[in-house]
Amino acid sequence: MSRAGAGAEPGPPDGVCPQAPELSREEKLQLRKEKKQQKKKKRSEKGPSAEPAELGPSPEPGQPRVVKRLPEHVQVDDPAAQRKLAKKLERQQVPLRQDYGTKVNLFSHLHQYSRKKPLTQQMSIPSTVIHPAVVRLGLQYSQGIINGSNARCIALLEVFKQLIRDYSTPPNEELSRDLVAKLKPHISFLNQCRPLSASMGNAIKFLKKEISCLPDTLREEEAKEKLQDTIDKYLREKIVLAAEAISRSAFEKINDNDVILVYGCSSLVNRTLCDAHAKKGRAFRVVVVDSRPRLEGRETLRRLVRQGIHCTYVMINAISYVLPEVSKVLLGAHALLANGSVMSRVGTSQIALVSKAYNVPVLVCCETYKFCERVQTDSFVSNELDDPDDLIVLRKGQAQLGGWAENKSLRLLNLVYDVTPPDLVDLVITDLGMIPCTSVPVVLRVKNVDQ
């Protein structure tokens, strides 16, 4: 054997592959890092279109990627979302209502409609698809004839009762499937007239669930009668009896010689005060606070004075002058959100804020059917814009804001709602009793279990 052969290490036998040397932990991490960089480089070469448009930013390692889905009514400034909405309405044969005027940039994602021109002139309404009662209701919504969460919800359910009465199941179709499909264009039409309130959304969700749970053994007339009875029961339990329960609970918080401050026009607050005065004989005074442009407090003033309640009427800019003599603030609510925030008529949060500064307790009256699973911490993301022309005030025959639309540097904002944080509200009076704002998620959880 040669000297070279003797010094060489013995190689692997013929036909056997040599084993790769095992990598250390640091080398494995480096290799993995290089592979990630190569994949990232390939994605960047493909361009931004390779990334899904609706996905949010990259999550933390180990966290699932969340797809953000926004409601249609808060995506007005997104052309893709508007094209999708237009196609959906076209399939349902529902016309698309056009926005009016120039909007403030911060609220460009919301709809803004005009009440000056009748809805029938703005959009062609197909009579074969939309029930006449729904068309009439939509016109009343758009003109502001029917206002308030309770009034709008009651009117909606009464119209749906009429729609169910006039419905007939087509051949080879099931009522539970076909009726839900028939309701969709009507709901879309009403949403075009005016965005649905939280109470209306909850009522629609309840009705759809009841329709889908109908047994197949029921005849059509029996099923329709059962649905109408279910709607009557919902109206009675969730609105009428709930208002009675709230009124009874609120009696405990109203004492003789109280000075109670109310804002705007809440049917529930008005009923509570009238019952406390008429049934319990409590002697108290009410300060009615109002604001432009709706001036809803005038209706509250009329109702309370008619019952013989002593009232004072002030505008919202004067609340700091009257609060030192106020013993408690009683407010209504459009919706109670899952994080405990109160969504109500714009100006409510300012009243709650000033009341907190004066150490005046703020009580909110709200039925549990208005509790909403949405979470909101501000009034910008989800809100409603009213007709900006309502802000034009005639003084001595002249309108200072007349012709505002022609002025490119002027934009009017007429917000409908605001959001009051839970730390400004001391107590919520509901049909289940008196609870803090932080108990809203518990109530929602119990309601979901019951349903």
# chains A, B, ... in the order shown; residues from 1 in each chain; ligands from 1

$ select_by_dssp --residues "region 125-232 of chain A" --states "helix (DSSP H, G or I)" --output "ChimeraX atom specification"
/A:132-143,149-165,175-193,198-212,220-232

$ closest_atom_pairs --of "region 373-445 of chain A" --to "region 87-106 of chain A" --cutoff "12 Å" --atoms "only C-alpha atoms" --output "CSV"
residue,atom,partner,partner_atom,distance
A:Ser379,CA,A:Leu106,CA,10.8
A:Phe380,CA,A:Leu106,CA,7.4
A:Val381,CA,A:Leu106,CA,9.1
A:Ser382,CA,A:Leu106,CA,11.5
A:Asn383,CA,A:Leu106,CA,11.6
A:Leu385,CA,A:Lys103,CA,9.2
A:Asp386,CA,A:Tyr100,CA,10.2
A:Asp387,CA,A:Tyr100,CA,8.2
A:Pro388,CA,A:Gly101,CA,8.0
A:Asp389,CA,A:Gly101,CA,9.4
A:Gly403,CA,A:Gly101,CA,11.2
A:Trp404,CA,A:Gly101,CA,9.4
A:Ala405,CA,A:Gly101,CA,6.4
A:Glu406,CA,A:Gly101,CA,9.6
A:Asn407,CA,A:Thr102,CA,9.9
A:Lys408,CA,A:Thr102,CA,8.5
A:Ser409,CA,A:Thr102,CA,10.0
A:Leu410,CA,A:Thr102,CA,8.7
A:Arg411,CA,A:Val104,CA,5.9
A:Leu412,CA,A:Val104,CA,7.0
A:Leu413,CA,A:Val104,CA,6.5
A:Asn414,CA,A:Lys103,CA,9.8
A:Leu415,CA,A:Val104,CA,10.8

$ write_last_selection --atoms "N, CA and C atoms" --output "compact mmCIF listing (two decimals), in the first residue's frame"
# COMPACT_ATOMS: atom_id res chain seq x y z
N SER A 379 -67.53 58.87 17.52
CA SER A 379 -68.72 59.15 16.70
C SER A 379 -68.38 59.29 15.23
N PHE A 380 -67.16 58.92 14.85
CA PHE A 380 -66.71 59.16 13.48
C PHE A 380 -66.89 57.94 12.58
N VAL A 381 -66.54 56.76 13.09
CA VAL A 381 -66.51 55.56 12.24
C VAL A 381 -67.90 55.19 11.74
N SER A 382 -68.85 55.11 12.65
CA SER A 382 -70.21 54.72 12.29
C SER A 382 -71.18 55.75 12.86
N ASN A 383 -71.88 56.44 11.98
CA ASN A 383 -72.81 57.48 12.39
C ASN A 383 -73.80 57.68 11.26
N LEU A 385 -75.44 60.92 8.74
CA LEU A 385 -75.44 62.33 8.36
C LEU A 385 -76.83 62.73 7.91
N ASP A 386 -77.36 63.77 8.51
CA ASP A 386 -78.68 64.27 8.11
C ASP A 386 -78.52 65.32 7.00
N ASP A 387 -79.63 65.81 6.50
CA ASP A 387 -79.63 66.78 5.41
C ASP A 387 -78.91 68.07 5.86
N PRO A 388 -77.82 68.44 5.17
CA PRO A 388 -77.10 69.67 5.57
C PRO A 388 -77.92 70.94 5.40
N ASP A 389 -78.93 70.90 4.52
CA ASP A 389 -79.77 72.08 4.32
C ASP A 389 -80.60 72.43 5.56
N GLY A 403 -76.95 78.90 -0.59
CA GLY A 403 -75.98 78.72 -1.67
C GLY A 403 -74.65 78.19 -1.19
N TRP A 404 -74.64 77.48 -0.05
CA TRP A 404 -73.38 76.93 0.49
C TRP A 404 -72.76 75.90 -0.44
N ALA A 405 -73.59 75.19 -1.20
CA ALA A 405 -73.07 74.13 -2.07
C ALA A 405 -72.16 74.69 -3.16
N GLU A 406 -72.38 75.95 -3.59
CA GLU A 406 -71.55 76.54 -4.64
C GLU A 406 -70.20 77.01 -4.10
N ASN A 407 -70.10 77.17 -2.79
CA ASN A 407 -68.84 77.61 -2.18
C ASN A 407 -67.95 76.39 -1.92
N LYS A 408 -66.85 76.27 -2.66
CA LYS A 408 -66.01 75.07 -2.58
C LYS A 408 -65.28 74.97 -1.24
N SER A 409 -65.12 76.09 -0.56
CA SER A 409 -64.39 76.06 0.72
C SER A 409 -65.31 75.91 1.92
N LEU A 410 -66.63 75.71 1.67
CA LEU A 410 -67.60 75.58 2.76
C LEU A 410 -68.30 74.23 2.69
N ARG A 411 -68.31 73.51 3.80
CA ARG A 411 -69.02 72.22 3.90
C ARG A 411 -69.79 72.19 5.21
N LEU A 412 -71.02 71.73 5.13
CA LEU A 412 -71.87 71.68 6.32
C LEU A 412 -71.93 70.26 6.86
N LEU A 413 -71.93 70.14 8.18
CA LEU A 413 -72.00 68.84 8.85
C LEU A 413 -73.19 68.81 9.78
N ASN A 414 -74.10 67.86 9.53
CA ASN A 414 -75.30 67.71 10.36
C ASN A 414 -75.33 66.28 10.89
N LEU A 415 -74.62 66.06 11.99
CA LEU A 415 -74.54 64.72 12.58
C LEU A 415 -75.83 64.38 13.31

$ atom_distance --atom1 "CA of Pro126 (chain A)" --atom2 "CA of His109 (chain A)"
27.8 Å

$ closest_residue --among "A:Leu363, A:Ala80, A:Ala223, A:Ala181" --to "Ile260 (chain A)" --atoms "only C-alpha atoms"
A:Leu363

$ atom_distance --atom1 "CA of Leu175 (chain A)" --atom2 "CA of Leu235 (chain A)"
22.9 Å

$ atom_distance --atom1 "CA of Lys209 (chain A)" --atom2 "CA of Asn147 (chain A)"
26.3 Å

$ closest_residue --among "A:Glu299, A:Pro421, A:Ile392, A:His186" --to "Ser127 (chain A)" --atoms "only C-alpha atoms"
A:His186

$ residues_around --residues "Leu119 (chain A)" --least-positions-apart "3" --cutoff "7 Å" --atoms "only C-alpha atoms" --output "MDAnalysis selection string"
chainID A and resid 122:123 139

$ write_last_selection --atoms "N, CA, C and O atoms" --output "PDB file, in the first residue's frame"
ATOM      1  N   GLN A 122     -86.089  60.932  -6.907  1.00  0.00           N
ATOM      2  CA  GLN A 122     -84.673  60.604  -6.919  1.00  0.00           C
ATOM      3  C   GLN A 122     -84.408  59.198  -7.436  1.00  0.00           C
ATOM      4  O   GLN A 122     -83.337  58.926  -7.958  1.00  0.00           O
ATOM      5  N   MET A 123     -85.347  58.284  -7.263  1.00  0.00           N
ATOM      6  CA  MET A 123     -85.131  56.889  -7.663  1.00  0.00           C
ATOM      7  C   MET A 123     -86.444  56.279  -8.144  1.00  0.00           C
ATOM      8  O   MET A 123     -87.517  56.592  -7.628  1.00  0.00           O
ATOM      9  N   LEU A 139     -90.702  56.305   2.399  1.00  0.00           N
ATOM     10  CA  LEU A 139     -90.906  57.748   2.183  1.00  0.00           C
ATOM     11  C   LEU A 139     -91.035  58.488   3.517  1.00  0.00           C
ATOM     12  O   LEU A 139     -90.506  59.592   3.682  1.00  0.00           O
TER      13      LEU A 139
END

$ residues_around --residues "Ser267 (chain A)" --least-positions-apart "5" --cutoff "10 Å" --atoms "only C-alpha atoms" --output "mmCIF file with C-alpha atoms, in the first residue's frame"
data_model
loop_
_atom_site.group_PDB
_atom_site.id
_atom_site.type_symbol
_atom_site.label_atom_id
_atom_site.label_comp_id
_atom_site.auth_asym_id
_atom_site.auth_seq_id
_atom_site.Cartn_x
_atom_site.Cartn_y
_atom_site.Cartn_z
ATOM 1 C CA GLY A 148 -87.159 57.877 17.128
ATOM 2 C CA SER A 149 -85.842 54.330 17.589
ATOM 3 C CA ASN A 150 -89.050 52.924 19.074
ATOM 4 C CA ALA A 151 -91.386 54.586 16.546
ATOM 5 C CA ALA A 243 -91.369 50.649 28.943
ATOM 6 C CA THR A 272 -91.468 57.796 32.754
ATOM 7 C CA THR A 300 -91.181 66.974 24.918
ATOM 8 C CA ARG A 303 -96.244 66.580 26.222
ATOM 9 C CA GLY A 332 -82.828 58.327 26.372
#

$ residues_around --residues "Leu301 (chain A)" --least-positions-apart "2" --cutoff "8 Å" --atoms "only C-alpha atoms" --output "list in words"
Val288, Gly297, Arg298, Glu299, Arg303, Leu304, Val305, Cys311 and Tyr313 of chain A

$ closest_residue --among "A:Arg83, A:Lys233, A:Lys117, A:Arg194" --to "Leu157 (chain A)" --atoms "only C-alpha atoms"
A:Lys233

$ residues_around --residues "Cys366 (chain A)" --least-positions-apart "4" --cutoff "9 Å" --atoms "only C-alpha atoms" --output "list of chain:residue names"
A:Ala243, A:Ile246, A:Leu268, A:Leu331, A:Gly332, A:Ala333, A:His334, A:Ala335, A:Leu336, A:Lys370, A:Phe371, A:Val428, A:Ile429, A:Thr430, A:Asp431

$ closest_residue --among "A:Arg345, A:Leu196, A:Glu237, A:His111" --to "Gln82 (chain A)" --atoms "only C-alpha atoms"
A:His111

$ residues_around --residues "region 319-328 of chain A" --least-positions-apart "3" --cutoff "6 Å" --atoms "only C-alpha atoms" --output "PyMOL selection string"
chain A and resi 258-260+316+360-361

$ write_last_selection --atoms "C-alpha atoms" --output "CSV table (one decimal), in the first residue's frame"
chain,number,residue,atom,x,y,z
A,258,ASP,CA,-86.4,67.1,42.3
A,259,VAL,CA,-85.2,69.2,39.3
A,260,ILE,CA,-84.7,66.7,36.4
A,316,ILE,CA,-78.0,73.3,24.9
A,360,VAL,CA,-74.9,65.6,38.8
A,361,PRO,CA,-75.8,61.9,38.3

$ closest_residue --among "A:Ile231, A:Val354, A:Val74, A:Ile254" --to "Leu156 (chain A)" --atoms "only C-alpha atoms"
A:Ile231

$ select_by_dssp --residues "region 206-333 of chain A" --states "strand (DSSP E or B)" --output "PyMOL selection string"
chain A and resi 259-263+285-290+310-315+328-331

$ write_last_selection --atoms "N, CA, C and O atoms" --output "PDB file, in the first residue's frame"
ATOM      1  N   VAL A 259     -85.252  68.424  40.570  1.00  0.00           N
ATOM      2  CA  VAL A 259     -85.162  69.162  39.306  1.00  0.00           C
ATOM      3  C   VAL A 259     -84.462  68.228  38.322  1.00  0.00           C
ATOM      4  O   VAL A 259     -83.279  67.909  38.494  1.00  0.00           O
ATOM      5  N   ILE A 260     -85.201  67.744  37.320  1.00  0.00           N
ATOM      6  CA  ILE A 260     -84.701  66.719  36.396  1.00  0.00           C
ATOM      7  C   ILE A 260     -84.433  67.358  35.032  1.00  0.00           C
ATOM      8  O   ILE A 260     -85.300  68.047  34.476  1.00  0.00           O
ATOM      9  N   LEU A 261     -83.240  67.132  34.521  1.00  0.00           N
ATOM     10  CA  LEU A 261     -82.882  67.649  33.203  1.00  0.00           C
ATOM     11  C   LEU A 261     -83.039  66.555  32.160  1.00  0.00           C
ATOM     12  O   LEU A 261     -82.550  65.432  32.348  1.00  0.00           O
ATOM     13  N   VAL A 262     -83.748  66.853  31.065  1.00  0.00           N
ATOM     14  CA  VAL A 262     -83.908  65.920  29.948  1.00  0.00           C
ATOM     15  C   VAL A 262     -83.445  66.619  28.672  1.00  0.00           C
ATOM     16  O   VAL A 262     -83.382  67.848  28.608  1.00  0.00           O
ATOM     17  N   TYR A 263     -83.121  65.796  27.662  1.00  0.00           N
ATOM     18  CA  TYR A 263     -82.602  66.357  26.408  1.00  0.00           C
ATOM     19  C   TYR A 263     -83.357  65.784  25.221  1.00  0.00           C
ATOM     20  O   TYR A 263     -83.591  64.571  25.143  1.00  0.00           O
ATOM     21  N   ARG A 285     -89.752  69.283  39.028  1.00  0.00           N
ATOM     22  CA  ARG A 285     -89.651  70.228  37.921  1.00  0.00           C
ATOM     23  C   ARG A 285     -88.708  69.660  36.868  1.00  0.00           C
ATOM     24  O   ARG A 285     -87.742  68.972  37.208  1.00  0.00           O
ATOM     25  N   VAL A 286     -88.993  69.955  35.610  1.00  0.00           N
ATOM     26  CA  VAL A 286     -88.196  69.407  34.503  1.00  0.00           C
ATOM     27  C   VAL A 286     -87.559  70.561  33.730  1.00  0.00           C
ATOM     28  O   VAL A 286     -88.237  71.540  33.395  1.00  0.00           O
ATOM     29  N   VAL A 287     -86.269  70.437  33.459  1.00  0.00           N
ATOM     30  CA  VAL A 287     -85.563  71.365  32.582  1.00  0.00           C
ATOM     31  C   VAL A 287     -85.383  70.659  31.239  1.00  0.00           C
ATOM     32  O   VAL A 287     -84.674  69.655  31.156  1.00  0.00           O
ATOM     33  N   VAL A 288     -86.052  71.148  30.200  1.00  0.00           N
ATOM     34  CA  VAL A 288     -85.978  70.553  28.866  1.00  0.00           C
ATOM     35  C   VAL A 288     -84.881  71.270  28.085  1.00  0.00           C
ATOM     36  O   VAL A 288     -84.967  72.474  27.839  1.00  0.00           O
ATOM     37  N   VAL A 289     -83.846  70.522  27.706  1.00  0.00           N
ATOM     38  CA  VAL A 289     -82.729  71.078  26.932  1.00  0.00           C
ATOM     39  C   VAL A 289     -82.944  70.704  25.480  1.00  0.00           C
ATOM     40  O   VAL A 289     -83.283  69.548  25.164  1.00  0.00           O
ATOM     41  N   ASP A 290     -82.748  71.653  24.578  1.00  0.00           N
ATOM     42  CA  ASP A 290     -82.989  71.428  23.154  1.00  0.00           C
ATOM     43  C   ASP A 290     -81.788  71.900  22.336  1.00  0.00           C
ATOM     44  O   ASP A 290     -80.911  72.607  22.845  1.00  0.00           O
ATOM     45  N   HIS A 310     -94.384  71.138  35.676  1.00  0.00           N
ATOM     46  CA  HIS A 310     -93.735  72.450  35.592  1.00  0.00           C
ATOM     47  C   HIS A 310     -92.401  72.295  34.838  1.00  0.00           C
ATOM     48  O   HIS A 310     -91.542  71.500  35.245  1.00  0.00           O
ATOM     49  N   CYS A 311     -92.216  73.032  33.746  1.00  0.00           N
ATOM     50  CA  CYS A 311     -91.048  72.856  32.887  1.00  0.00           C
ATOM     51  C   CYS A 311     -90.314  74.177  32.640  1.00  0.00           C
ATOM     52  O   CYS A 311     -90.914  75.256  32.681  1.00  0.00           O
ATOM     53  N   THR A 312     -89.025  74.062  32.366  1.00  0.00           N
ATOM     54  CA  THR A 312     -88.193  75.170  31.906  1.00  0.00           C
ATOM     55  C   THR A 312     -87.547  74.730  30.610  1.00  0.00           C
ATOM     56  O   THR A 312     -87.095  73.576  30.496  1.00  0.00           O
ATOM     57  N   TYR A 313     -87.489  75.626  29.629  1.00  0.00           N
ATOM     58  CA  TYR A 313     -86.962  75.277  28.305  1.00  0.00           C
ATOM     59  C   TYR A 313     -85.710  76.103  28.018  1.00  0.00           C
ATOM     60  O   TYR A 313     -85.755  77.345  28.084  1.00  0.00           O
ATOM     61  N   VAL A 314     -84.584  75.421  27.747  1.00  0.00           N
ATOM     62  CA  VAL A 314     -83.333  76.120  27.432  1.00  0.00           C
ATOM     63  C   VAL A 314     -82.664  75.427  26.243  1.00  0.00           C
ATOM     64  O   VAL A 314     -82.944  74.260  25.940  1.00  0.00           O
ATOM     65  N   MET A 315     -81.770  76.170  25.587  1.00  0.00           N
ATOM     66  CA  MET A 315     -80.965  75.579  24.525  1.00  0.00           C
ATOM     67  C   MET A 315     -79.715  74.943  25.138  1.00  0.00           C
ATOM     68  O   MET A 315     -79.327  75.252  26.272  1.00  0.00           O
ATOM     69  N   LYS A 328     -80.718  65.630  38.992  1.00  0.00           N
ATOM     70  CA  LYS A 328     -80.331  64.447  38.197  1.00  0.00           C
ATOM     71  C   LYS A 328     -80.661  64.684  36.728  1.00  0.00           C
ATOM     72  O   LYS A 328     -81.541  65.485  36.393  1.00  0.00           O
ATOM     73  N   VAL A 329     -79.937  63.955  35.863  1.00  0.00           N
ATOM     74  CA  VAL A 329     -80.127  64.037  34.413  1.00  0.00           C
ATOM     75  C   VAL A 329     -80.709  62.715  33.940  1.00  0.00           C
ATOM     76  O   VAL A 329     -80.185  61.641  34.264  1.00  0.00           O
ATOM     77  N   LEU A 330     -81.793  62.772  33.176  1.00  0.00           N
ATOM     78  CA  LEU A 330     -82.465  61.582  32.661  1.00  0.00           C
ATOM     79  C   LEU A 330     -82.429  61.623  31.137  1.00  0.00           C
ATOM     80  O   LEU A 330     -82.996  62.535  30.524  1.00  0.00           O
ATOM     81  N   LEU A 331     -81.751  60.640  30.527  1.00  0.00           N
ATOM     82  CA  LEU A 331     -81.547  60.650  29.079  1.00  0.00           C
ATOM     83  C   LEU A 331     -82.081  59.378  28.437  1.00  0.00           C
ATOM     84  O   LEU A 331     -82.131  58.319  29.066  1.00  0.00           O
TER      85      LEU A 331
END
